[in-house]
Amino acid sequence: MSGIASSSTQFVVNQRAVLAWSLMLLCLGLGIAVLIQIQRHDHGGHRYLFAAIFLIPSLWIYLPATYRWSLDQRGISRGRHLVLWGEITRLDLRTFPKGFRSPGSIDLLLHSGNKRLLLRTYVENDARELSRRLREALPETLFSAASQRRVEEVWKRR
């Protein structure tokens, strides 16, 4: 494509951060409650695995909940870090289809000089809009039509 995003309006990825924060706090609270119960009743060490079932997902949810990405005609940014469209040298796309253990997600690893940024989203609408914007803004060699189709197929029912 042209290499310049045609849309001048800003798009914010991971707009459902409130949901992610709520899930993280719920998992963290349940994990801590289980730990407190284990400490009070002095049960064996194998019971700590049950607490880990809640604590590990809370940590896994925490990072995506804190990242707020935005895209506009200049480039892609997270907080104060801005990567101009022309500075992106490589883009690695990893998709995780919707299934038994996954709600569906995509990871985009952006390479720009010596910087590497990971953008992860679990929201279908955000992922579709993100892929559409990347397709408009980046050359075909970096984000092809096949990559856009891969993103769209992540949430298809199997």
# chains A, B, ... in the order shown; residues from 1 in each chain; ligands from 1

$ select_by_dssp --residues "segment 62-98 of chain A" --states "strand (DSSP E)" --output "PyMOL selection string"
chain A and resi 69-71+75-78+81-84+90-96

$ residues_around --residues "Ala52 of chain A" --least-positions-apart "3" --cutoff "12 Å" --atoms "only C-alpha atoms" --output "PyMOL selection string"
chain A and resi 27-35+45-49+55-60

$ closest_residue --among "A:Leu71, A:Leu138, A:Met24, A:Val83" --to "Ser112 of chain A" --atoms "only C-alpha atoms"
A:Val83

$ atom_distance --atom1 "atom CA of Leu117 of chain A" --atom2 "atom CA of Leu93 of chain A"
12.1 Å

$ residues_around --residues "Gln148 of chain A" --least-positions-apart "5" --cutoff "12 Å" --atoms "only C-alpha atoms" --output "list of chain:residue names"
A:Leu93, A:Arg94, A:Thr95, A:Ile106, A:Leu108, A:Ala127, A:Arg128, A:Glu129, A:Leu130, A:Ser131, A:Arg132, A:Arg133, A:Leu134, A:Arg135, A:Glu136, A:Leu138, A:Glu140, A:Leu142, A:Phe143, A:Glu153, A:Val154

$ closest_residue --among "A:Ser147, A:Gly86, A:Ala137, A:Leu110" --to "Gln73 of chain A" --atoms "only C-alpha atoms"
A:Ala137

$ decode --residues "segment 18-41 of chain A" --atoms "N, CA and C atoms" --output "short mmCIF file (atom, residue, chain, number, x, y, z; two decimals), in the first residue's frame"
data_model
loop_
_atom_site.label_atom_id
_atom_site.label_comp_id
_atom_site.auth_asym_id
_atom_site.auth_seq_id
_atom_site.Cartn_x
_atom_site.Cartn_y
_atom_site.Cartn_z
N VAL A 18 -10.58 -2.10 31.17
CA VAL A 18 -11.33 -2.20 32.43
C VAL A 18 -11.72 -3.65 32.68
N LEU A 19 -12.14 -4.34 31.64
CA LEU A 19 -12.48 -5.75 31.78
C LEU A 19 -11.25 -6.57 32.17
N ALA A 20 -10.13 -6.28 31.52
CA ALA A 20 -8.90 -7.00 31.85
C ALA A 20 -8.47 -6.74 33.29
N TRP A 21 -8.55 -5.49 33.73
CA TRP A 21 -8.20 -5.16 35.12
C TRP A 21 -9.14 -5.88 36.08
N SER A 22 -10.42 -5.94 35.77
CA SER A 22 -11.37 -6.61 36.65
C SER A 22 -11.06 -8.09 36.76
N LEU A 23 -10.78 -8.73 35.62
CA LEU A 23 -10.42 -10.15 35.65
C LEU A 23 -9.14 -10.38 36.44
N MET A 24 -8.18 -9.49 36.25
CA MET A 24 -6.91 -9.63 36.96
C MET A 24 -7.13 -9.51 38.46
N LEU A 25 -7.90 -8.53 38.89
CA LEU A 25 -8.14 -8.35 40.33
C LEU A 25 -8.95 -9.51 40.91
N LEU A 26 -9.89 -10.04 40.14
CA LEU A 26 -10.67 -11.19 40.61
C LEU A 26 -9.76 -12.40 40.81
N CYS A 27 -8.93 -12.71 39.82
CA CYS A 27 -8.01 -13.85 39.93
C CYS A 27 -7.03 -13.65 41.08
N LEU A 28 -6.49 -12.44 41.20
CA LEU A 28 -5.55 -12.15 42.28
C LEU A 28 -6.22 -12.30 43.64
N GLY A 29 -7.44 -11.78 43.78
CA GLY A 29 -8.17 -11.89 45.04
C GLY A 29 -8.46 -13.33 45.42
N LEU A 30 -8.89 -14.13 44.45
CA LEU A 30 -9.15 -15.54 44.73
C LEU A 30 -7.88 -16.28 45.12
N GLY A 31 -6.78 -15.99 44.42
CA GLY A 31 -5.51 -16.63 44.75
C GLY A 31 -5.04 -16.28 46.15
N ILE A 32 -5.16 -15.02 46.53
CA ILE A 32 -4.76 -14.59 47.87
C ILE A 32 -5.67 -15.21 48.93
N ALA A 33 -6.97 -15.29 48.65
CA ALA A 33 -7.89 -15.92 49.60
C ALA A 33 -7.54 -17.39 49.83
N VAL A 34 -7.20 -18.08 48.76
CA VAL A 34 -6.81 -19.49 48.89
C VAL A 34 -5.52 -19.61 49.70
N LEU A 35 -4.55 -18.73 49.44
CA LEU A 35 -3.31 -18.74 50.21
C LEU A 35 -3.55 -18.50 51.70
N ILE A 36 -4.42 -17.58 52.02
CA ILE A 36 -4.74 -17.30 53.42
C ILE A 36 -5.37 -18.52 54.08
N GLN A 37 -6.28 -19.19 53.38
CA GLN A 37 -6.91 -20.40 53.92
C GLN A 37 -5.87 -21.49 54.15
N ILE A 38 -4.93 -21.63 53.22
CA ILE A 38 -3.89 -22.65 53.37
C ILE A 38 -3.02 -22.33 54.58
N GLN A 39 -2.67 -21.06 54.76
CA GLN A 39 -1.82 -20.65 55.89
C GLN A 39 -2.54 -20.88 57.21
N ARG A 40 -3.81 -20.61 57.27
CA ARG A 40 -4.56 -20.77 58.52
C ARG A 40 -4.68 -22.23 58.94
N HIS A 41 -4.87 -23.11 57.99
CA HIS A 41 -5.12 -24.50 58.31
C HIS A 41 -3.87 -25.36 58.19
#
